[in-house]
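J.: My structure file run_19.txt, compact mmCIF, C-alpha atoms, is below:
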```
# COMPACT_ATOMS: atom_id res chain seq x y z
CA MET A 1 12.24 14.33 -16.43
CA ARG A 2 10.34 13.17 -13.36
CA ARG A 3 7.30 12.14 -15.38
CA GLN A 4 9.49 10.34 -17.92
CA ALA A 5 11.18 8.43 -15.11
CA LEU A 6 7.79 7.27 -13.83
CA ILE A 7 6.74 6.06 -17.25
CA LEU A 8 10.01 4.17 -17.68
CA VAL A 9 9.21 2.09 -14.59
CA CYS A 10 6.91 -0.01 -16.80
CA MET A 11 9.87 -0.94 -18.95
CA VAL A 12 12.16 -2.15 -16.18
CA VAL A 13 9.73 -4.24 -14.16
CA PHE A 14 9.95 -7.89 -15.11
CA GLY A 15 6.75 -9.54 -16.17
CA VAL A 16 4.92 -6.33 -16.96
CA VAL A 17 6.82 -5.08 -19.99
CA GLY A 18 3.90 -6.01 -22.21
CA THR A 19 1.24 -4.34 -20.06
CA CYS A 20 2.06 -0.72 -20.77
CA HIS A 21 0.86 -0.97 -24.37
CA GLY A 22 2.72 2.13 -25.48
CA GLY A 23 0.55 4.40 -23.36
CA SER A 24 1.53 6.51 -20.41
CA LEU A 25 0.12 8.09 -17.31
CA LYS A 26 -0.13 11.85 -17.21
CA LYS A 27 -1.25 14.70 -15.03
CA GLY A 28 -4.90 15.60 -15.53
CA PHE A 29 -5.73 12.67 -17.79
CA TYR A 30 -9.47 13.30 -17.31
CA ASN A 31 -9.38 17.08 -17.87
CA ASN A 32 -11.42 16.79 -21.08
CA THR A 33 -13.53 13.69 -20.42
CA CYS A 34 -14.42 14.26 -16.75
CA PRO A 35 -12.97 17.58 -15.57
CA ASN A 36 -14.19 17.22 -11.99
CA ALA A 37 -13.15 13.58 -11.53
CA GLU A 38 -10.30 14.24 -9.10
CA ALA A 39 -12.36 16.75 -7.09
CA ILE A 40 -15.26 14.29 -6.83
CA ILE A 41 -12.91 11.56 -5.57
CA LYS A 42 -11.19 13.94 -3.15
CA ASN A 43 -14.44 15.22 -1.66
CA ALA A 44 -15.96 11.76 -1.40
CA THR A 45 -12.81 10.40 0.23
CA GLU A 46 -12.43 13.22 2.73
CA LYS A 47 -16.08 12.97 3.74
CA ARG A 48 -15.62 9.31 4.57
CA VAL A 49 -12.25 9.73 6.30
CA ALA A 50 -13.79 12.42 8.52
CA SER A 51 -16.12 9.78 9.94
CA ASP A 52 -13.67 6.85 9.82
CA PRO A 53 -10.03 7.73 10.64
CA THR A 54 -8.90 4.16 9.89
CA LEU A 55 -9.51 4.59 6.14
CA PRO A 56 -6.16 6.21 5.24
CA ALA A 57 -4.25 3.12 6.39
CA ARG A 58 -6.75 0.82 4.70
CA PHE A 59 -6.63 2.60 1.35
CA LEU A 60 -2.84 2.92 1.42
CA ARG A 61 -2.42 -0.80 2.09
CA MET A 62 -5.00 -1.69 -0.55
CA HIS A 63 -3.19 0.44 -3.15
CA PHE A 64 0.13 -1.20 -2.22
CA HIS A 65 -1.36 -4.70 -2.45
CA ASP A 66 -2.89 -3.84 -5.81
CA CYS A 67 0.32 -2.52 -7.36
CA PHE A 68 2.52 -5.36 -6.09
CA VAL A 69 0.63 -8.16 -7.84
CA ARG A 70 -0.24 -7.48 -11.49
CA GLY A 71 0.51 -3.76 -11.30
CA CYS A 72 -1.74 -0.83 -10.34
CA ASP A 73 -4.76 -2.15 -12.23
CA ALA A 74 -7.48 -2.58 -9.57
CA SER A 75 -7.22 -6.37 -9.78
CA VAL A 76 -7.32 -6.45 -5.96
CA LEU A 77 -10.86 -5.02 -6.07
CA LEU A 78 -12.39 -7.85 -8.10
CA ASN A 79 -14.56 -10.43 -6.36
CA SER A 80 -13.99 -14.14 -6.81
CA THR A 81 -16.34 -15.97 -9.18
CA THR A 82 -17.54 -19.55 -9.50
CA ASN A 83 -14.63 -20.32 -11.81
CA ASN A 84 -11.90 -18.13 -10.30
CA THR A 85 -10.56 -17.27 -6.86
CA ALA A 86 -9.42 -13.65 -6.94
CA GLU A 87 -6.56 -11.79 -5.21
CA LYS A 88 -9.03 -10.44 -2.67
CA ASP A 89 -9.34 -13.92 -1.14
CA ALA A 90 -5.61 -14.58 -0.76
CA ILE A 91 -4.52 -14.86 2.89
CA PRO A 92 -2.49 -11.60 2.84
CA ASN A 93 -5.58 -9.75 1.59
CA LEU A 94 -8.15 -11.20 3.98
CA THR A 95 -7.38 -8.41 6.47
CA LEU A 96 -7.82 -5.67 3.85
CA ALA A 97 -10.85 -3.51 4.52
CA GLY A 98 -12.61 -0.63 2.82
CA PHE A 99 -13.54 -2.27 -0.48
CA ASP A 100 -17.13 -1.15 -0.05
CA VAL A 101 -16.00 2.45 0.44
CA ILE A 102 -13.98 2.40 -2.78
CA ASP A 103 -17.06 0.98 -4.52
CA ASP A 104 -19.14 3.87 -3.15
CA ILE A 105 -16.61 6.49 -4.27
CA LYS A 106 -16.52 4.95 -7.73
CA ALA A 107 -20.34 5.07 -7.83
CA GLU A 108 -20.24 8.82 -7.15
CA VAL A 109 -17.85 9.29 -10.07
CA GLU A 110 -20.05 7.12 -12.31
CA LYS A 111 -23.06 9.36 -11.65
CA LYS A 112 -21.22 12.32 -13.16
CA CYS A 113 -19.05 10.57 -15.76
CA PRO A 114 -20.22 7.08 -16.70
CA ASN A 115 -17.62 4.67 -18.09
CA VAL A 116 -14.77 7.18 -17.98
CA VAL A 117 -12.71 6.93 -14.79
CA SER A 118 -11.02 3.62 -13.96
CA CYS A 119 -11.22 1.88 -10.62
CA ALA A 120 -7.40 1.78 -10.64
CA ASP A 121 -7.29 5.58 -10.73
CA VAL A 122 -10.05 5.87 -8.12
CA LEU A 123 -8.01 3.69 -5.74
CA ALA A 124 -4.73 5.53 -6.41
CA LEU A 125 -6.34 8.94 -5.89
CA ALA A 126 -8.40 7.89 -2.86
CA ALA A 127 -5.30 6.46 -1.16
CA ARG A 128 -3.44 9.73 -1.70
CA ASP A 129 -6.36 11.93 -0.66
CA ALA A 130 -7.15 9.86 2.43
CA VAL A 131 -3.57 9.94 3.71
CA SER A 132 -3.21 13.67 2.91
CA PHE A 133 -6.42 14.59 4.76
CA LYS A 134 -5.65 16.36 8.06
CA VAL A 135 -1.89 16.10 7.37
CA SER A 136 -1.35 18.62 4.61
CA GLN A 137 -3.17 21.47 2.86
CA THR A 138 -1.78 20.07 -0.39
CA PRO A 139 -1.60 16.46 -1.64
CA LEU A 140 1.34 14.55 -0.16
CA TRP A 141 2.28 13.06 -3.53
CA GLU A 142 1.32 13.49 -7.15
CA VAL A 143 -0.92 10.89 -8.78
CA LEU A 144 -0.64 10.73 -12.54
CA THR A 145 -3.76 9.23 -14.11
CA GLY A 146 -4.80 7.20 -17.12
CA ARG A 147 -4.69 3.70 -15.63
CA ARG A 148 -7.15 1.14 -16.91
CA ASP A 149 -8.65 -1.83 -15.08
CA SER A 150 -7.52 -5.42 -15.37
CA ARG A 151 -9.99 -8.13 -16.33
CA VAL A 152 -7.86 -10.68 -14.45
CA SER A 153 -7.37 -11.34 -10.74
CA ARG A 154 -5.79 -14.57 -9.47
CA ILE A 155 -5.18 -15.68 -5.90
CA SER A 156 -1.97 -17.44 -6.97
CA GLU A 157 -0.44 -14.18 -8.18
CA ALA A 158 -1.18 -12.44 -4.89
CA LEU A 159 0.48 -15.26 -2.94
CA ALA A 160 3.52 -15.19 -5.26
CA ASN A 161 4.07 -11.42 -5.31
CA LEU A 162 3.03 -9.78 -2.04
CA PRO A 163 5.89 -9.20 0.43
CA SER A 164 5.48 -11.17 3.64
CA PRO A 165 5.68 -9.74 7.18
CA PHE A 166 7.95 -12.73 7.93
CA SER A 167 10.51 -11.86 5.23
CA ASN A 168 14.18 -11.18 5.85
CA PHE A 169 16.08 -8.34 4.20
CA THR A 170 17.34 -10.34 1.22
CA THR A 171 13.83 -11.54 0.34
CA LEU A 172 12.36 -8.05 0.71
CA VAL A 173 15.01 -6.54 -1.56
CA GLN A 174 14.21 -9.14 -4.22
CA ASN A 175 10.44 -8.56 -3.85
CA PHE A 176 10.92 -4.86 -4.47
CA ALA A 177 13.52 -5.30 -7.22
CA ASN A 178 11.02 -7.50 -9.04
CA LYS A 179 8.79 -4.42 -9.25
CA GLY A 180 11.52 -1.99 -10.29
CA LEU A 181 11.94 -0.59 -6.77
CA ASN A 182 15.20 -0.31 -4.83
CA VAL A 183 16.36 -0.41 -1.20
CA GLN A 184 15.51 3.26 -0.77
CA ASP A 185 11.93 2.57 -1.89
CA LEU A 186 11.74 -0.47 0.40
CA VAL A 187 12.64 1.54 3.48
CA VAL A 188 10.56 4.58 2.51
CA LEU A 189 7.41 2.64 1.66
CA SER A 190 7.75 0.61 4.86
CA GLY A 191 7.11 3.96 6.54
CA GLY A 192 3.48 3.47 5.55
CA HIS A 193 3.36 1.28 8.67
CA THR A 194 3.15 4.51 10.66
CA ILE A 195 -0.63 4.14 10.31
CA GLY A 196 -2.83 1.10 10.61
CA VAL A 197 -2.83 -2.16 12.53
CA GLY A 198 -1.20 -5.56 12.40
CA HIS A 199 -2.92 -8.81 13.30
CA CYS A 200 -1.32 -11.01 15.95
CA ASN A 201 -0.74 -13.95 13.63
CA ALA A 202 1.55 -11.78 11.48
CA PHE A 203 4.08 -11.33 14.30
CA SER A 204 3.23 -13.57 17.29
CA ASN A 205 5.97 -16.04 16.27
CA ARG A 206 8.40 -13.30 17.36
CA LEU A 207 6.85 -13.47 20.82
CA TYR A 208 6.43 -17.19 21.36
CA ASN A 209 8.25 -19.35 18.85
CA PHE A 210 10.84 -17.41 16.88
CA THR A 211 13.22 -20.26 16.06
CA GLY A 212 10.81 -23.12 16.74
CA ASN A 213 11.97 -23.60 20.32
CA GLY A 214 9.35 -21.56 22.16
CA ASP A 215 11.62 -18.52 22.23
CA GLN A 216 11.29 -14.78 21.67
CA ASP A 217 12.97 -12.78 18.90
CA PRO A 218 16.06 -11.32 20.61
CA SER A 219 16.01 -8.30 18.27
CA LEU A 220 12.59 -7.21 19.55
CA ASN A 221 12.58 -4.58 22.32
CA ALA A 222 11.94 -6.59 25.50
CA THR A 223 9.57 -4.06 27.06
CA TYR A 224 7.59 -3.83 23.84
CA ALA A 225 7.47 -7.63 23.58
CA THR A 226 6.02 -7.81 27.11
CA PHE A 227 3.30 -5.36 26.10
CA LEU A 228 2.54 -7.26 22.89
CA LYS A 229 2.12 -10.47 24.88
CA THR A 230 -0.68 -8.80 26.87
CA GLN A 231 -2.48 -8.18 23.57
CA CYS A 232 -1.63 -11.38 21.68
CA GLN A 233 -1.78 -14.15 24.25
CA SER A 234 -1.12 -17.14 22.02
CA LEU A 235 0.21 -18.23 18.65
CA SER A 236 -3.30 -19.26 17.64
CA ASP A 237 -4.81 -15.76 18.03
CA ASN A 238 -5.78 -14.64 14.52
CA THR A 239 -8.36 -12.00 15.38
CA THR A 240 -6.67 -9.54 17.76
CA PHE A 241 -4.77 -6.62 16.26
CA VAL A 242 -2.49 -3.85 17.54
CA VAL A 243 -1.35 -0.56 16.03
CA MET A 244 1.81 -0.92 13.96
CA ASP A 245 3.31 2.35 15.20
CA PRO A 246 2.95 2.57 19.01
CA GLY A 247 1.49 5.92 20.04
CA SER A 248 1.03 7.13 16.46
CA GLY A 249 -1.29 4.61 14.84
CA LEU A 250 -3.66 7.15 13.27
CA THR A 251 -1.13 9.90 12.50
CA PHE A 252 0.78 9.84 9.23
CA ASP A 253 4.29 10.93 10.17
CA ASN A 254 7.85 9.58 10.37
CA ASN A 255 7.45 8.16 13.89
CA TYR A 256 7.74 4.65 12.41
CA TYR A 257 11.49 5.17 12.06
CA VAL A 258 11.81 6.46 15.62
CA THR A 259 10.19 3.32 17.00
CA LEU A 260 12.11 1.14 14.54
CA LYS A 261 15.38 2.47 15.95
CA GLN A 262 14.11 1.46 19.39
CA ASN A 263 13.71 -2.12 18.08
CA LYS A 264 9.94 -1.76 18.18
CA GLY A 265 9.26 -2.66 14.56
CA LEU A 266 6.19 -4.90 14.77
CA PHE A 267 6.93 -7.33 11.95
CA GLN A 268 10.00 -9.33 11.16
CA SER A 269 10.06 -7.42 7.85
CA ASP A 270 10.29 -4.15 9.81
CA ALA A 271 13.16 -5.38 11.97
CA ALA A 272 14.89 -6.61 8.81
CA LEU A 273 15.49 -2.99 7.77
CA LEU A 274 18.04 -2.69 10.59
CA THR A 275 20.03 -5.76 9.51
CA ASN A 276 21.75 -4.08 6.54
CA LYS A 277 23.94 -0.97 6.52
CA SER A 278 22.40 0.52 3.38
CA SER A 279 18.87 0.28 4.73
CA ARG A 280 19.96 1.48 8.20
CA ASP A 281 21.44 4.57 6.57
CA VAL A 282 18.11 5.29 4.87
CA VAL A 283 16.28 4.78 8.18
CA ASP A 284 18.56 7.35 9.81
CA LYS A 285 17.91 9.91 7.05
CA LEU A 286 14.15 9.44 7.39
CA LEU A 287 14.27 10.45 11.06
CA ASP A 288 14.12 13.93 9.52
CA SER A 289 10.42 14.60 8.93
CA LYS A 290 10.89 16.76 5.83
CA GLU A 291 13.14 14.13 4.29
CA PHE A 292 10.52 11.44 4.94
CA PHE A 293 7.66 13.33 3.29
CA LYS A 294 9.84 14.22 0.29
CA GLU A 295 11.07 10.66 -0.22
CA PHE A 296 7.68 9.08 0.46
CA ALA A 297 6.20 11.16 -2.36
CA LYS A 298 8.91 9.99 -4.77
CA SER A 299 8.51 6.32 -3.90
CA MET A 300 4.72 6.43 -4.04
CA GLU A 301 4.88 7.97 -7.50
CA LYS A 302 7.21 5.18 -8.62
CA MET A 303 5.00 2.51 -7.09
CA GLY A 304 1.89 4.01 -8.68
CA ALA A 305 3.35 3.43 -12.15
CA ILE A 306 4.09 -0.28 -11.73
CA GLY A 307 2.62 -2.42 -14.50
CA VAL A 308 -0.13 0.02 -15.42
CA LEU A 309 -2.59 -0.75 -18.19
CA THR A 310 -3.10 2.22 -20.50
CA GLY A 311 -4.42 3.04 -23.96
CA ASN A 312 -6.79 0.30 -25.08
CA ALA A 313 -5.57 -2.35 -22.65
CA GLY A 314 -7.95 -3.69 -20.02
CA GLU A 315 -11.22 -1.85 -19.51
CA ILE A 316 -12.98 0.86 -17.49
CA ARG A 317 -15.12 -1.09 -15.02
CA LYS A 318 -18.55 0.23 -14.19
CA LYS A 319 -18.39 -1.44 -10.78
CA CYS A 320 -15.02 -2.09 -9.22
CA TYR A 321 -15.81 -5.55 -7.91
CA VAL A 322 -16.82 -7.13 -11.24
CA VAL A 323 -15.60 -7.04 -14.84
CA ASN A 324 -17.95 -5.46 -17.36
```
If you took the structure in this file and wrote it as structure tokens, what would it be?

T.:
Amino acid sequence: MRRQALILVCMVVFGVVGTCHGGSLKKGFYNNTCPNAEAIIKNATEKRVASDPTLPARFLRMHFHDCFVRGCDASVLLNSTTNNTAEKDAIPNLTLAGFDVIDDIKAEVEKKCPNVVSCADVLALAARDAVSFKVSQTPLWEVLTGRRDSRVSRISEALANLPSPFSNFTTLVQNFANKGLNVQDLVVLSGGHTIGVGHCNAFSNRLYNFTGNGDQDPSLNATYATFLKTQCQSLSDNTTFVVMDPGSGLTFDNNYYVTLKQNKGLFQSDAALLTNKSSRDVVDKLLDSKEFFKEFAKSMEKMGAIGVLTGNAGEIRKKCYVVN
């Protein structure tokens, strides 16, 4: 039933009904064509995470940004060309990092199994394996495989579909509903902010000009705001960054919800989760660590099925940054 529910996501997401092409994701899709594919990706990912602990947050965000535009089709990995500006160059994606590492992992897979494993699956598996590394002896969520790669990547679609850190609750709910995800998924997936960093220009308006009158966001913890001002000293600072989850920026856990309840959510979109009773109730449930890991797995599996290309749709790219 669980697998069927994931497959049905394609059918309920507006704008992607035609992208599923009658195919479906499944466990062990490459068992016959590249039996060691998932092990190669896991080993390559863990080797790189061991030397760069920022990669889990980078891969998780990249996977999210991929799925929320055209679907989980690796369109975020494509470079712009002379005739097309790709998603990668949209403002929300300019702070993404780790593209070169995904390219390297894909290259390792290509050595063993040329033209078999999609970049979309490499990204989905690498995100899962990176986050799971050092947290769990077993994968934190299941990744069904069989995605294919898009030949299309447009900056306009990234700008139109990616949730903004400045969004209020109503806008966030609509963003997620557009992808077949509900309030529960919104709150759970926001927990991904327990790792990684946020750039000052994504939240400094809350410190210096919240309503346009040189004021501070009254919903932001005052002590935390004072600290943030020592890091981000002006509205024009677009290079400095701070950890999104104070004291737990490299540890994947449920501490995000603890700090959120203290009004220390970094972005306006984080604080928005406390402005509605339904989402506040979910936040309270996720203060239980076991509940968080269980629900995060469910929501990631749902997200990973958004708008996937399967069957003969799209292609299997040889290099993730360029169409064949």

J.: Which of these residues is nearest to A:Lys264, using all atoms listed in the file: A:Arg48, A:Lys294, A:Arg128, A:His193?

T.: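 Between A:Arg48, A:Lys294, A:Arg128, A:His193, the residue approaching A:Lys264 most closely is A:His193.
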
J.: Could you give me, as a list in words, the residues within 7 Å of stretch 61-63 of chain A, counting only C-alpha atoms and dropping anything in the same chain fewer than 6 positions from it?

T.: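 Non-adjacent residues within range: Leu96, Leu123, Ala124 and Ala127 of chain A.
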
J.: Output the selection as a short mmCIF file (atom, residue, chain, number, x, y, z; two decimals), in the coordinates of the input - C-alpha atoms for each residue.

T.:
```cif
data_model
loop_
_atom_site.label_atom_id
_atom_site.label_comp_id
_atom_site.auth_asym_id
_atom_site.auth_seq_id
_atom_site.Cartn_x
_atom_site.Cartn_y
_atom_site.Cartn_z
CA LEU A 96 -7.82 -5.67 3.85
CA LEU A 123 -8.01 3.69 -5.74
CA ALA A 124 -4.73 5.53 -6.41
CA ALA A 127 -5.30 6.46 -1.16
#
```

J.: Need to verify the contact set: A:Asn84, 10 Å, only C-alpha atoms, exclusion of same-chain residues closer than 2 positions in sequence. Can you return it as a PDB file with C-alpha atoms, in the coordinates of the input?

T.:
```
ATOM      1  CA  ASN A  79     -14.560 -10.430  -6.360  1.00  0.00           C
ATOM      2  CA  SER A  80     -13.990 -14.140  -6.810  1.00  0.00           C
ATOM      3  CA  THR A  81     -16.340 -15.970  -9.180  1.00  0.00           C
ATOM      4  CA  THR A  82     -17.540 -19.550  -9.500  1.00  0.00           C
ATOM      5  CA  ALA A  86      -9.420 -13.650  -6.940  1.00  0.00           C
ATOM      6  CA  GLU A  87      -6.560 -11.790  -5.210  1.00  0.00           C
ATOM      7  CA  VAL A 152      -7.860 -10.680 -14.450  1.00  0.00           C
ATOM      8  CA  SER A 153      -7.370 -11.340 -10.740  1.00  0.00           C
ATOM      9  CA  ARG A 154      -5.790 -14.570  -9.470  1.00  0.00           C
ATOM     10  CA  ILE A 155      -5.180 -15.680  -5.900  1.00  0.00           C
TER      11      ILE A 155
END
```

J.: Tell me, as a list in words, which residues lie within 7 Å of stretch 315-322 of chain A, counting only C-alpha atoms; anything in the same chain fewer than 6 positions away does not count.

T.: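 Answer for this query is Leu77, Leu78, Asn79, Asp103, Asn115, Val116, Val117, Ser118, Cys119, Arg148, Asp149 and Ser150 of chain A.
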
J.: Find the residues around A:Val49 up to 12 Å (all atoms listed in the file counted), leave out those fewer than 3 positions away in its own chain, and share them as a list in words.

T.: Lys42, Asn43, Ala44, Thr45, Glu46, Asp52, Pro53, Thr54, Leu55, Pro56, Ala57, Arg58, Phe59, Gly98, Val101, Ile102, Ile105, Ala126, Ala127, Arg128, Asp129, Ala130, Val131, Ser132, Phe133, Lys134 and Leu250 of chain A

J.: Quote the spacing between atom CA of A:Asp66 and atom CA of A:Cys113 in Å to one decimal place.

T.: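 Separation of atom CA of A:Asp66 and atom CA of A:Cys113: 23.8 Å.
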
J.: Let me make sure I understand: among A:Asn263, A:Asn175, A:Cys72, A:Val109, which one has the smallest atom-to-atom distance to A:Thr223 if we use all atoms listed in the file?

T.: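 Ranking A:Asn263, A:Asn175, A:Cys72, A:Val109 by distance to A:Thr223, first place goes to A:Asn263.
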
J.: Enter the distance from atom CA of A:Met303 to atom CA of A:Gly71, in Å, rounded to one decimal.

T.: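 If I compute the distance from atom CA of A:Met303 to atom CA of A:Gly71, I get 8.8 Å.
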
J.: Write out as a PyMOL selection string the residues lying within 9 Å of A:Asp217, counting all atoms listed in the file and excluding same-chain residues fewer than 2 positions away.

T.: chain A and resi 205-211+215+219-221+225+268

J.: With 8 Å as the cut-off and only C-alpha atoms counted, what is the closest atom pair between each nearby residue of stretch 167-207 of chain A and stretch 243-249 of chain A? Distances in Å to one decimal, ordered by chain and number, as CSV.

T.:
```
residue,atom,partner,partner_atom,distance
A:His193,CA,A:Met244,CA,5.9
A:Thr194,CA,A:Asp245,CA,5.0
A:Ile195,CA,A:Gly249,CA,4.6
A:Gly196,CA,A:Gly249,CA,5.7
A:Val197,CA,A:Val243,CA,4.1
A:Gly198,CA,A:Met244,CA,5.7
```

J.: Measuring atom to atom with all atoms listed in the file, identify which of A:Val183, A:Cys200, A:Ile306, A:Leu228 is nearest to A:Val282.

T.: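 Checking each candidate against A:Val282, we get A:Val183 as the closest.
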
J.: May I ask for the distance between atom CA of A:Ala297 and atom CA of A:Glu142, given in Å to one decimal place?

T.: 7.2 Å

J.: Select, from A:Leu25, A:Val69, A:Leu260, A:Ala272, the residue with the minimum atom-to-atom distance to A:Glu157, counting all atoms listed in the file.

T.: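 Of A:Leu25, A:Val69, A:Leu260, A:Ala272, the one nearest A:Glu157, counting all atoms listed in the file, is A:Val69.
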
J.: Which is closer to A:Ser278 than all the others in A:Thr33, A:Ala177, A:Val187, A:Ala97, using only C-alpha atoms?

T.: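 Answer, going by the shortest atom-to-atom distance: A:Val187.
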
J.: Tell me which residues come within 8 Å of (3.0, -7.8, 2.7), as a list in words, counting only C-alpha atoms in the file's coordinates.

T.: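 Those residues lying close to the given coordinates are His65, Pro92, Leu162, Pro163, Ser164 and Pro165 of chain A.
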
J.: Would you mind telling me which residue in A:Val135, A:Val122, A:Ala158, A:Val258 lies nearest to A:Ala74 when using all atoms listed in the file?

T.: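 Smallest distance to A:Ala74 is found for A:Val122.
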